[in-house]
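Chemist: Structure file structure.cif, mmCIF, C-alpha atoms, is pasted below:
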data_run
#
loop_
_atom_site.group_PDB
_atom_site.id
_atom_site.type_symbol
_atom_site.label_atom_id
_atom_site.label_comp_id
_atom_site.auth_asym_id
_atom_site.auth_seq_id
_atom_site.Cartn_x
_atom_site.Cartn_y
_atom_site.Cartn_z
ATOM 1 C CA MET A 1111 -23.690 18.764 5.149
ATOM 2 C CA SER A 1112 -20.704 17.637 3.111
ATOM 3 C CA VAL A 1113 -19.370 19.651 0.207
ATOM 4 C CA LEU A 1114 -20.446 16.891 -2.171
ATOM 5 C CA GLU A 1115 -24.109 17.412 -1.325
ATOM 6 C CA THR A 1116 -23.879 21.053 -2.368
ATOM 7 C CA LEU A 1117 -22.531 20.233 -5.835
ATOM 8 C CA PRO A 1118 -24.362 19.262 -9.051
ATOM 9 C CA ALA A 1119 -25.064 15.573 -9.660
ATOM 10 C CA THR A 1120 -22.594 15.471 -12.541
ATOM 11 C CA LEU A 1121 -19.327 17.222 -11.854
ATOM 12 C CA TYR A 1122 -16.967 19.036 -14.211
ATOM 13 C CA PHE A 1123 -13.675 20.878 -13.831
ATOM 14 C CA GLU A 1124 -15.515 24.110 -13.054
ATOM 15 C CA ASP A 1125 -17.204 22.637 -9.978
ATOM 16 C CA PHE A 1126 -13.991 22.151 -8.034
ATOM 17 C CA GLU A 1127 -12.525 25.005 -6.018
ATOM 18 C CA VAL A 1128 -9.226 25.281 -4.215
ATOM 19 C CA GLY A 1129 -9.663 24.482 -0.531
ATOM 20 C CA MET A 1130 -12.565 22.058 -0.923
ATOM 21 C CA VAL A 1131 -12.116 18.899 1.169
ATOM 22 C CA PHE A 1132 -13.898 15.630 0.451
ATOM 23 C CA THR A 1133 -13.916 12.969 3.155
ATOM 24 C CA SER A 1134 -15.000 9.442 2.374
ATOM 25 C CA PRO A 1135 -18.344 8.608 3.985
ATOM 26 C CA THR A 1136 -17.188 4.984 4.216
ATOM 27 C CA ARG A 1137 -14.319 3.478 6.165
ATOM 28 C CA THR A 1138 -12.442 0.297 5.326
ATOM 29 C CA THR A 1139 -11.146 -2.212 7.875
ATOM 30 C CA LEU A 1140 -8.324 -4.538 6.845
ATOM 31 C CA SER A 1141 -8.236 -7.915 8.568
ATOM 32 C CA GLU A 1142 -5.104 -10.006 8.937
ATOM 33 C CA ALA A 1143 -6.465 -12.233 6.161
ATOM 34 C CA ASP A 1144 -7.012 -9.203 3.875
ATOM 35 C CA ILE A 1145 -3.440 -8.038 4.443
ATOM 36 C CA ILE A 1146 -1.922 -11.462 3.799
ATOM 37 C CA ALA A 1147 -4.039 -12.140 0.690
ATOM 38 C CA PHE A 1148 -3.135 -8.812 -0.903
ATOM 39 C CA ALA A 1149 0.562 -9.207 -0.142
ATOM 40 C CA GLN A 1150 0.736 -12.779 -1.403
ATOM 41 C CA GLN A 1151 -0.456 -11.488 -4.755
ATOM 42 C CA HIS A 1152 1.356 -8.171 -5.072
ATOM 43 C CA ASP A 1153 4.073 -7.679 -2.431
ATOM 44 C CA PRO A 1154 5.076 -11.069 -0.974
ATOM 45 C CA GLN A 1155 7.548 -10.044 1.706
ATOM 46 C CA PRO A 1156 7.515 -11.793 5.122
ATOM 47 C CA PHE A 1157 6.454 -8.712 7.105
ATOM 48 C CA HIS A 1158 3.316 -8.539 4.910
ATOM 49 C CA THR A 1159 2.525 -12.271 4.609
ATOM 50 C CA ASP A 1160 3.701 -14.105 7.742
ATOM 51 C CA PRO A 1161 2.567 -12.940 11.212
ATOM 52 C CA ILE A 1162 5.233 -15.035 12.961
ATOM 53 C CA ALA A 1163 8.177 -14.099 10.763
ATOM 54 C CA ALA A 1164 7.018 -10.453 10.842
ATOM 55 C CA LYS A 1165 7.772 -10.254 14.580
ATOM 56 C CA THR A 1166 11.514 -10.276 13.957
ATOM 57 C CA THR A 1167 11.460 -7.701 11.140
ATOM 58 C CA PHE A 1168 11.706 -3.929 11.006
ATOM 59 C CA PHE A 1169 7.911 -3.759 11.429
ATOM 60 C CA ASP A 1170 7.831 -5.827 14.655
ATOM 61 C CA GLY A 1171 4.623 -7.560 13.529
ATOM 62 C CA LEU A 1172 2.428 -7.929 10.478
ATOM 63 C CA ALA A 1173 1.946 -4.736 8.448
ATOM 64 C CA ALA A 1174 -0.046 -4.111 5.281
ATOM 65 C CA SER A 1175 1.811 -3.410 2.061
ATOM 66 C CA GLY A 1176 1.861 0.345 1.548
ATOM 67 C CA TRP A 1177 0.236 -0.294 -1.833
ATOM 68 C CA GLN A 1178 -2.787 -1.787 -0.076
ATOM 69 C CA THR A 1179 -3.263 1.351 2.025
ATOM 70 C CA ALA A 1180 -3.057 3.361 -1.200
ATOM 71 C CA LEU A 1181 -5.652 1.187 -2.932
ATOM 72 C CA VAL A 1182 -8.070 1.484 -0.020
ATOM 73 C CA ALA A 1183 -7.842 5.237 -0.488
ATOM 74 C CA MET A 1184 -8.265 4.934 -4.259
ATOM 75 C CA ARG A 1185 -11.420 2.883 -3.873
ATOM 76 C CA GLN A 1186 -12.901 5.333 -1.373
ATOM 77 C CA PHE A 1187 -11.963 8.207 -3.708
ATOM 78 C CA VAL A 1188 -13.710 6.556 -6.671
ATOM 79 C CA ASP A 1189 -16.772 5.651 -4.626
ATOM 80 C CA MET A 1190 -17.285 9.125 -3.236
ATOM 81 C CA LEU A 1191 -16.223 11.272 -6.157
ATOM 82 C CA ALA A 1192 -15.093 9.735 -9.422
ATOM 83 C CA HIS A 1193 -18.400 8.160 -10.375
ATOM 84 C CA ARG A 1194 -19.976 11.623 -10.341
ATOM 85 C CA VAL A 1195 -17.348 13.218 -12.565
ATOM 86 C CA ALA A 1196 -18.240 13.277 -16.244
ATOM 87 C CA GLY A 1197 -15.721 11.060 -18.016
ATOM 88 C CA GLY A 1198 -14.097 9.914 -14.772
ATOM 89 C CA LEU A 1199 -10.905 11.008 -13.101
ATOM 90 C CA ILE A 1200 -7.733 10.405 -15.049
ATOM 91 C CA GLY A 1201 -4.583 10.143 -12.972
ATOM 92 C CA MET A 1202 -1.600 12.054 -14.346
ATOM 93 C CA SER A 1203 0.932 11.848 -11.565
ATOM 94 C CA ILE A 1204 1.582 11.090 -7.921
ATOM 95 C CA ASP A 1205 4.228 12.787 -5.802
ATOM 96 C CA GLN A 1206 5.228 12.835 -2.168
ATOM 97 C CA LEU A 1207 3.667 9.488 -1.373
ATOM 98 C CA ARG A 1208 4.607 8.723 2.241
ATOM 99 C CA TRP A 1209 3.561 6.199 4.877
ATOM 100 C CA PRO A 1210 4.240 7.740 8.288
ATOM 101 C CA ARG A 1211 3.146 4.527 10.026
ATOM 102 C CA PRO A 1212 2.209 1.000 8.969
ATOM 103 C CA THR A 1213 -1.361 -0.219 8.637
ATOM 104 C CA ARG A 1214 -1.900 -3.120 11.045
ATOM 105 C CA PRO A 1215 -4.465 -5.967 11.059
ATOM 106 C CA GLY A 1216 -7.804 -4.580 12.240
ATOM 107 C CA ASP A 1217 -6.999 -0.976 11.356
ATOM 108 C CA THR A 1218 -9.851 1.055 9.884
ATOM 109 C CA LEU A 1219 -8.888 3.573 7.210
ATOM 110 C CA GLN A 1220 -10.621 6.702 5.954
ATOM 111 C CA ALA A 1221 -9.390 8.914 3.123
ATOM 112 C CA SER A 1222 -9.832 12.636 2.553
ATOM 113 C CA VAL A 1223 -8.800 14.680 -0.450
ATOM 114 C CA GLU A 1224 -8.235 18.434 -0.551
ATOM 115 C CA ILE A 1225 -8.092 20.545 -3.700
ATOM 116 C CA LEU A 1226 -4.703 22.287 -3.728
ATOM 117 C CA GLY A 1227 -4.889 23.857 -7.166
ATOM 118 C CA LYS A 1228 -6.569 23.824 -10.577
ATOM 119 C CA LYS A 1229 -5.724 24.914 -14.077
ATOM 120 C CA ALA A 1230 -7.266 24.672 -17.517
ATOM 121 C CA SER A 1231 -5.312 22.532 -19.937
ATOM 122 C CA ARG A 1232 -3.228 24.305 -22.559
ATOM 123 C CA SER A 1233 -2.633 21.102 -24.533
ATOM 124 C CA LYS A 1234 -6.068 19.519 -24.528
ATOM 125 C CA ALA A 1235 -9.086 21.727 -25.096
ATOM 126 C CA GLY A 1236 -12.076 20.907 -22.934
ATOM 127 C CA PHE A 1237 -10.034 19.460 -20.083
ATOM 128 C CA GLY A 1238 -8.529 20.803 -16.916
ATOM 129 C CA SER A 1239 -6.351 19.462 -14.164
ATOM 130 C CA ILE A 1240 -6.780 19.647 -10.429
ATOM 131 C CA GLN A 1241 -4.063 19.108 -7.862
ATOM 132 C CA LEU A 1242 -5.059 17.096 -4.821
ATOM 133 C CA ARG A 1243 -3.587 16.141 -1.488
ATOM 134 C CA TRP A 1244 -4.798 12.797 -0.162
ATOM 135 C CA VAL A 1245 -4.545 11.839 3.472
ATOM 136 C CA VAL A 1246 -5.506 8.512 5.021
ATOM 137 C CA HIS A 1247 -6.119 8.281 8.755
ATOM 138 C CA ASN A 1248 -6.590 5.193 10.903
ATOM 139 C CA GLN A 1249 -9.122 4.697 13.697
ATOM 140 C CA HIS A 1250 -6.799 6.442 16.162
ATOM 141 C CA GLY A 1251 -6.727 9.573 14.017
ATOM 142 C CA GLU A 1252 -3.118 8.868 13.067
ATOM 143 C CA LEU A 1253 -1.844 9.640 9.573
ATOM 144 C CA ALA A 1254 -1.207 6.363 7.721
ATOM 145 C CA MET A 1255 -0.531 7.778 4.249
ATOM 146 C CA SER A 1256 -0.382 11.009 2.293
ATOM 147 C CA LEU A 1257 0.289 11.911 -1.318
ATOM 148 C CA GLU A 1258 -0.108 14.669 -3.860
ATOM 149 C CA ASN A 1259 -1.821 13.871 -7.125
ATOM 150 C CA SER A 1260 -2.762 15.605 -10.351
ATOM 151 C CA ILE A 1261 -5.773 14.425 -12.305
ATOM 152 C CA TRP A 1262 -7.450 15.358 -15.580
ATOM 153 C CA LEU A 1263 -11.135 15.927 -15.858
ATOM 154 C CA PRO A 1264 -13.462 17.380 -18.477
ATOM 155 C CA CYS A 1265 -14.744 20.942 -18.545
ATOM 156 C CA ARG A 1266 -18.498 21.555 -18.668
ATOM 157 C CA PRO A 1267 -19.706 21.488 -22.274
ATOM 158 C CA GLN A 1268 -20.560 24.910 -23.708
ATOM 159 C CA SER A 1269 -24.318 25.156 -24.097
ATOM 160 C CA MET B 353 25.377 -12.030 -16.823
ATOM 161 C CA SER B 354 23.071 -9.834 -14.798
ATOM 162 C CA VAL B 355 24.293 -7.746 -11.878
ATOM 163 C CA LEU B 356 22.273 -9.925 -9.517
ATOM 164 C CA GLU B 357 24.335 -12.990 -10.352
ATOM 165 C CA THR B 358 27.528 -11.212 -9.308
ATOM 166 C CA LEU B 359 26.203 -10.345 -5.835
ATOM 167 C CA PRO B 360 26.110 -12.420 -2.616
ATOM 168 C CA ALA B 361 23.097 -14.664 -2.001
ATOM 169 C CA THR B 362 21.932 -12.466 0.877
ATOM 170 C CA LEU B 363 22.090 -8.763 0.178
ATOM 171 C CA TYR B 364 22.695 -5.845 2.534
ATOM 172 C CA PHE B 365 22.922 -2.087 2.143
ATOM 173 C CA GLU B 366 26.652 -2.349 1.370
ATOM 174 C CA ASP B 367 26.043 -4.512 -1.710
ATOM 175 C CA PHE B 368 24.196 -1.813 -3.654
ATOM 176 C CA GLU B 369 26.138 0.737 -5.653
ATOM 177 C CA VAL B 370 24.939 3.833 -7.477
ATOM 178 C CA GLY B 371 24.402 3.083 -11.143
ATOM 179 C CA MET B 372 23.500 -0.584 -10.763
ATOM 180 C CA VAL B 373 20.460 -1.558 -12.848
ATOM 181 C CA PHE B 374 18.290 -4.583 -12.125
ATOM 182 C CA THR B 375 15.901 -5.752 -14.827
ATOM 183 C CA SER B 376 13.184 -8.257 -14.047
ATOM 184 C CA PRO B 377 13.901 -11.637 -15.656
ATOM 185 C CA THR B 378 10.146 -12.161 -15.882
ATOM 186 C CA ARG B 379 7.541 -10.254 -17.853
ATOM 187 C CA THR B 380 3.845 -9.935 -17.007
ATOM 188 C CA THR B 381 1.023 -9.877 -19.542
ATOM 189 C CA LEU B 382 -2.302 -8.331 -18.519
ATOM 190 C CA SER B 383 -5.376 -9.709 -20.238
ATOM 191 C CA GLU B 384 -8.621 -7.802 -20.612
ATOM 192 C CA ALA B 385 -10.039 -9.990 -17.830
ATOM 193 C CA ASP B 386 -7.064 -9.165 -15.547
ATOM 194 C CA ILE B 387 -7.574 -5.446 -16.116
ATOM 195 C CA ILE B 388 -11.308 -5.567 -15.466
ATOM 196 C CA ALA B 389 -10.996 -7.767 -12.363
ATOM 197 C CA PHE B 390 -8.391 -5.493 -10.785
ATOM 198 C CA ALA B 391 -10.347 -2.350 -11.534
ATOM 199 C CA GLN B 392 -13.640 -3.751 -10.262
ATOM 200 C CA GLN B 393 -11.970 -4.248 -6.913
ATOM 201 C CA HIS B 394 -9.759 -1.170 -6.601
ATOM 202 C CA ASP B 395 -10.511 1.482 -9.248
ATOM 203 C CA PRO B 396 -14.001 0.916 -10.703
ATOM 204 C CA GLN B 397 -14.159 3.583 -13.402
ATOM 205 C CA PRO B 398 -15.706 2.781 -16.808
ATOM 206 C CA PHE B 399 -12.459 3.168 -18.800
ATOM 207 C CA HIS B 400 -10.960 0.427 -16.593
ATOM 208 C CA THR B 401 -13.967 -1.909 -16.296
ATOM 209 C CA ASP B 402 -16.126 -1.653 -19.419
ATOM 210 C CA PRO B 403 -14.595 -2.168 -22.898
ATOM 211 C CA ILE B 404 -17.638 -0.676 -24.637
ATOM 212 C CA ALA B 405 -18.075 2.378 -22.452
ATOM 213 C CA ALA B 406 -14.300 2.918 -22.526
ATOM 214 C CA LYS B 407 -14.452 3.679 -26.253
ATOM 215 C CA THR B 408 -16.083 7.035 -25.646
ATOM 216 C CA THR B 409 -13.734 8.115 -22.836
ATOM 217 C CA PHE B 410 -10.430 9.976 -22.688
ATOM 218 C CA PHE B 411 -8.643 6.637 -23.117
ATOM 219 C CA ASP B 412 -10.464 5.674 -26.333
ATOM 220 C CA GLY B 413 -10.656 2.025 -25.199
ATOM 221 C CA LEU B 414 -10.038 -0.115 -22.159
ATOM 222 C CA ALA B 415 -6.943 0.852 -20.142
ATOM 223 C CA ALA B 416 -5.521 -0.663 -16.972
ATOM 224 C CA SER B 417 -5.684 1.295 -13.738
ATOM 225 C CA GLY B 418 -2.339 2.973 -13.231
ATOM 226 C CA TRP B 419 -2.197 1.230 -9.853
ATOM 227 C CA GLN B 420 -2.219 -2.139 -11.605
ATOM 228 C CA THR B 421 0.805 -1.208 -13.712
ATOM 229 C CA ALA B 422 2.526 -0.145 -10.476
ATOM 230 C CA LEU B 423 1.697 -3.432 -8.757
ATOM 231 C CA VAL B 424 3.009 -5.486 -11.675
ATOM 232 C CA ALA B 425 6.293 -3.635 -11.200
ATOM 233 C CA MET B 426 6.205 -4.160 -7.428
ATOM 234 C CA ARG B 427 5.734 -7.892 -7.810
ATOM 235 C CA GLN B 428 8.584 -8.153 -10.312
ATOM 236 C CA PHE B 429 10.763 -6.067 -7.988
ATOM 237 C CA VAL B 430 10.041 -8.348 -5.019
ATOM 238 C CA ASP B 431 10.564 -11.502 -7.050
ATOM 239 C CA MET B 432 13.905 -10.461 -8.455
ATOM 240 C CA LEU B 433 15.376 -8.570 -5.524
ATOM 241 C CA ALA B 434 13.514 -8.228 -2.247
ATOM 242 C CA HIS B 435 13.517 -11.894 -1.293
ATOM 243 C CA ARG B 436 17.331 -11.807 -1.326
ATOM 244 C CA VAL B 437 17.622 -8.736 0.882
ATOM 245 C CA ALA B 438 18.080 -9.513 4.570
ATOM 246 C CA GLY B 439 14.981 -8.201 6.327
ATOM 247 C CA GLY B 440 13.236 -7.238 3.084
ATOM 248 C CA LEU B 441 12.827 -3.884 1.404
ATOM 249 C CA ILE B 442 10.914 -1.283 3.355
ATOM 250 C CA GLY B 443 9.287 1.433 1.287
ATOM 251 C CA MET B 444 9.718 4.954 2.666
ATOM 252 C CA SER B 445 8.436 7.125 -0.120
ATOM 253 C CA ILE B 446 7.475 7.397 -3.767
ATOM 254 C CA ASP B 447 7.851 10.510 -5.895
ATOM 255 C CA GLN B 448 7.473 11.434 -9.533
ATOM 256 C CA LEU B 449 5.130 8.562 -10.315
ATOM 257 C CA ARG B 450 4.036 9.069 -13.923
ATOM 258 C CA TRP B 451 2.219 7.036 -16.568
ATOM 259 C CA PRO B 452 3.307 8.326 -19.994
ATOM 260 C CA ARG B 453 0.879 5.945 -21.711
ATOM 261 C CA PRO B 454 -1.878 3.572 -20.656
ATOM 262 C CA THR B 455 -1.427 -0.177 -20.321
ATOM 263 C CA ARG B 456 -3.809 -1.940 -22.729
ATOM 264 C CA PRO B 457 -5.260 -5.485 -22.746
ATOM 265 C CA GLY B 458 -2.556 -7.882 -23.914
ATOM 266 C CA ASP B 459 0.343 -5.593 -23.035
ATOM 267 C CA THR B 460 3.409 -7.275 -21.564
ATOM 268 C CA LEU B 461 5.254 -5.313 -18.898
ATOM 269 C CA GLN B 462 8.827 -5.522 -17.649
ATOM 270 C CA ALA B 463 10.288 -3.447 -14.811
ATOM 271 C CA SER B 464 13.832 -2.236 -14.238
ATOM 272 C CA VAL B 465 15.226 -0.413 -11.228
ATOM 273 C CA GLU B 466 18.359 1.733 -11.141
ATOM 274 C CA ILE B 467 20.202 2.775 -7.988
ATOM 275 C CA LEU B 468 20.293 6.587 -7.966
ATOM 276 C CA GLY B 469 21.807 7.126 -4.522
ATOM 277 C CA LYS B 470 22.481 5.592 -1.128
ATOM 278 C CA LYS B 471 23.092 6.831 2.383
ATOM 279 C CA ALA B 472 23.556 5.320 5.819
ATOM 280 C CA SER B 473 20.771 6.167 8.243
ATOM 281 C CA ARG B 474 21.468 8.808 10.861
ATOM 282 C CA SER B 475 18.327 7.976 12.832
ATOM 283 C CA LYS B 476 18.392 4.183 12.839
ATOM 284 C CA ALA B 477 21.705 2.418 13.405
ATOM 285 C CA GLY B 478 22.254 -0.635 11.262
ATOM 286 C CA PHE B 479 20.063 0.583 8.409
ATOM 287 C CA GLY B 480 20.625 2.510 5.239
ATOM 288 C CA SER B 481 18.457 3.894 2.479
ATOM 289 C CA ILE B 482 18.816 3.591 -1.265
ATOM 290 C CA GLN B 483 17.139 5.785 -3.818
ATOM 291 C CA LEU B 484 15.762 4.016 -6.865
ATOM 292 C CA ARG B 485 14.272 4.920 -10.204
ATOM 293 C CA TRP B 486 11.791 2.373 -11.514
ATOM 294 C CA VAL B 487 10.810 2.186 -15.155
ATOM 295 C CA VAL B 488 8.225 -0.121 -16.707
ATOM 296 C CA HIS B 489 8.293 -0.777 -20.444
ATOM 297 C CA ASN B 490 5.723 -2.540 -22.576
ATOM 298 C CA GLN B 491 6.366 -5.056 -25.368
ATOM 299 C CA HIS B 492 6.926 -2.197 -27.837
ATOM 300 C CA GLY B 493 9.732 -0.769 -25.702
ATOM 301 C CA GLU B 494 7.522 2.178 -24.754
ATOM 302 C CA LEU B 495 7.661 3.661 -21.269
ATOM 303 C CA ALA B 496 4.437 2.820 -19.408
ATOM 304 C CA MET B 497 5.428 4.052 -15.936
ATOM 305 C CA SER B 498 8.255 5.575 -13.991
ATOM 306 C CA LEU B 499 8.765 6.565 -10.374
ATOM 307 C CA GLU B 500 11.435 7.416 -7.830
ATOM 308 C CA ASN B 501 11.452 5.530 -4.573
ATOM 309 C CA SER B 502 13.429 5.437 -1.332
ATOM 310 C CA ILE B 503 13.659 2.227 0.625
ATOM 311 C CA TRP B 504 15.249 1.125 3.904
ATOM 312 C CA LEU B 505 17.367 -1.959 4.157
ATOM 313 C CA PRO B 506 19.685 -3.421 6.794
ATOM 314 C CA CYS B 507 23.446 -3.018 6.858
ATOM 315 C CA ARG B 508 25.626 -6.133 6.987
ATOM 316 C CA PRO B 509 26.091 -7.247 10.598
ATOM 317 C CA GLN B 510 29.542 -6.522 12.023
ATOM 318 C CA SER B 511 31.424 -9.787 12.432
#
Could you write out this structure as structure tokens?
Modeler:
Amino acid sequence: MSVLETLPATLYFEDFEVGMVFTSPTRTTLSEADIIAFAQQHDPQPFHTDPIAAKTTFFDGLAASGWQTALVAMRQFVDMLAHRVAGGLIGMSIDQLRWPRPTRPGDTLQASVEILGKKASRSKAGFGSIQLRWVVHNQHGELAMSLENSIWLPCRPQS
Amino acid sequence: MSVLETLPATLYFEDFEVGMVFTSPTRTTLSEADIIAFAQQHDPQPFHTDPIAAKTTFFDGLAASGWQTALVAMRQFVDMLAHRVAGGLIGMSIDQLRWPRPTRPGDTLQASVEILGKKASRSKAGFGSIQLRWVVHNQHGELAMSLENSIWLPCRPQS
């Protein structure tokens, strides 16, 4: 049973505890066409848009924009968690974003997030922040991306 | 005259100096439809997808996903700089990504990047890294996003 199944339907700051890990129940596969379409719009460099030209670049073949790997993780994060959090999850910051290896055509990605810390807000009553570490693995179990992130979320209303 | 006009047509590691600032010659305006379309795909939370529901959230109205503000900057960065760099710009890391204020429907964004540091690679001959600070301002001159970023790029071939 995943941690999410043990938690209330609507989640507040108080429901999150340091050490909890949430792993996306869905995986996302990026085709060559997905990689090229994303890069043509947002990051049009030859190693992201042109499979032939990519062979003579640093990446030695087509690689997804690192932003696309990040957005796959964001979407999985929203789908598994954010829609259950009252008021949504409000991103404050991202640090230590790294891509240890490129995402290639056909790779299947799965994100997990771990709660590293939490604190009640001193500046905004009724809100707290949690500190998260995201990791994204590919189908070989290799780390494709990691980052640390702080988000705001509401506290449970006093009844 | 911008710094870019004083540099060679094809750029290598050696052409970048600490303190140089590159400002995008183009600006990007995000409409309400742009914000909703992006968020529906990548970050489907009500404050990014639903102008009515957004009014009762933390953001007090529709706000762009922070990832969309980042991708506007990425595209401007590629258009002004990356296509002139031999081999392209290879992202290694991002740190200190912050969004001091939300991007709203109709906001017009413009990115600048400043060279904070540079060093030749010890692990990969013929490459160097430069450390950049990105800032994104809106049409009011307000800071919408900032980050620090390290990228790889090739050194000029020995002739």
Chemist: List, as an MDAnalysis selection string, every residue that the PyMOL selection byres ((chain A) within 7 of (chain B)) selects in the file provided.
Modeler: chainID A and resid 1152:1155 1167 1181 1184:1185 1188 1193 1197:1198 1202:1209
Chemist: Considering all atoms listed in the file, return as a ChimeraX atom specification whatever protein or nucleic-acid residues lie within 10 Å of Pro457 in chain B, sequence-local ones (same chain, fewer than 3 positions apart) excluded.
Modeler: /B:381-388,403,413-416,454,460
Chemist: Applying the PyMOL selection byres ((chain B and resi 463) around 6) to the file I just gave you, which residues come out? Please list them as a list in words.
Modeler: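 This file gives the following for the PyMOL selection byres ((chain B and resi 463) around 6): Ser376, Ala425, Gln462, Ser464, Val487 and Val488 of chain B.
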Chemist: When the PyMOL selection byres ((chain B and resi 508) around 8) is applied to the file above, which residues end up in the set, as a list of chain:residue names?
Modeler: B:Tyr364, B:Phe365, B:Glu366, B:Gly478, B:Pro506, B:Cys507, B:Pro509, B:Gln510
Chemist: Find the residues around Thr358 in chain B up to 12 Å (only C-alpha atoms counted), leave out those fewer than 5 positions away in its own chain, and share them as a list in words.
Modeler: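 My list of contacting residues is Met353, Leu363, Asp367, Phe368, Met372 and Phe374 of chain B.
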Chemist: Expressed in Å to a single decimal, how great is the separation between CA of Lys1228 in chain A and CA of Thr1179 in chain A?
Modeler: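 Straight-line distance from CA of Lys1228 in chain A to CA of Thr1179 in chain A works out to 26.0 Å.
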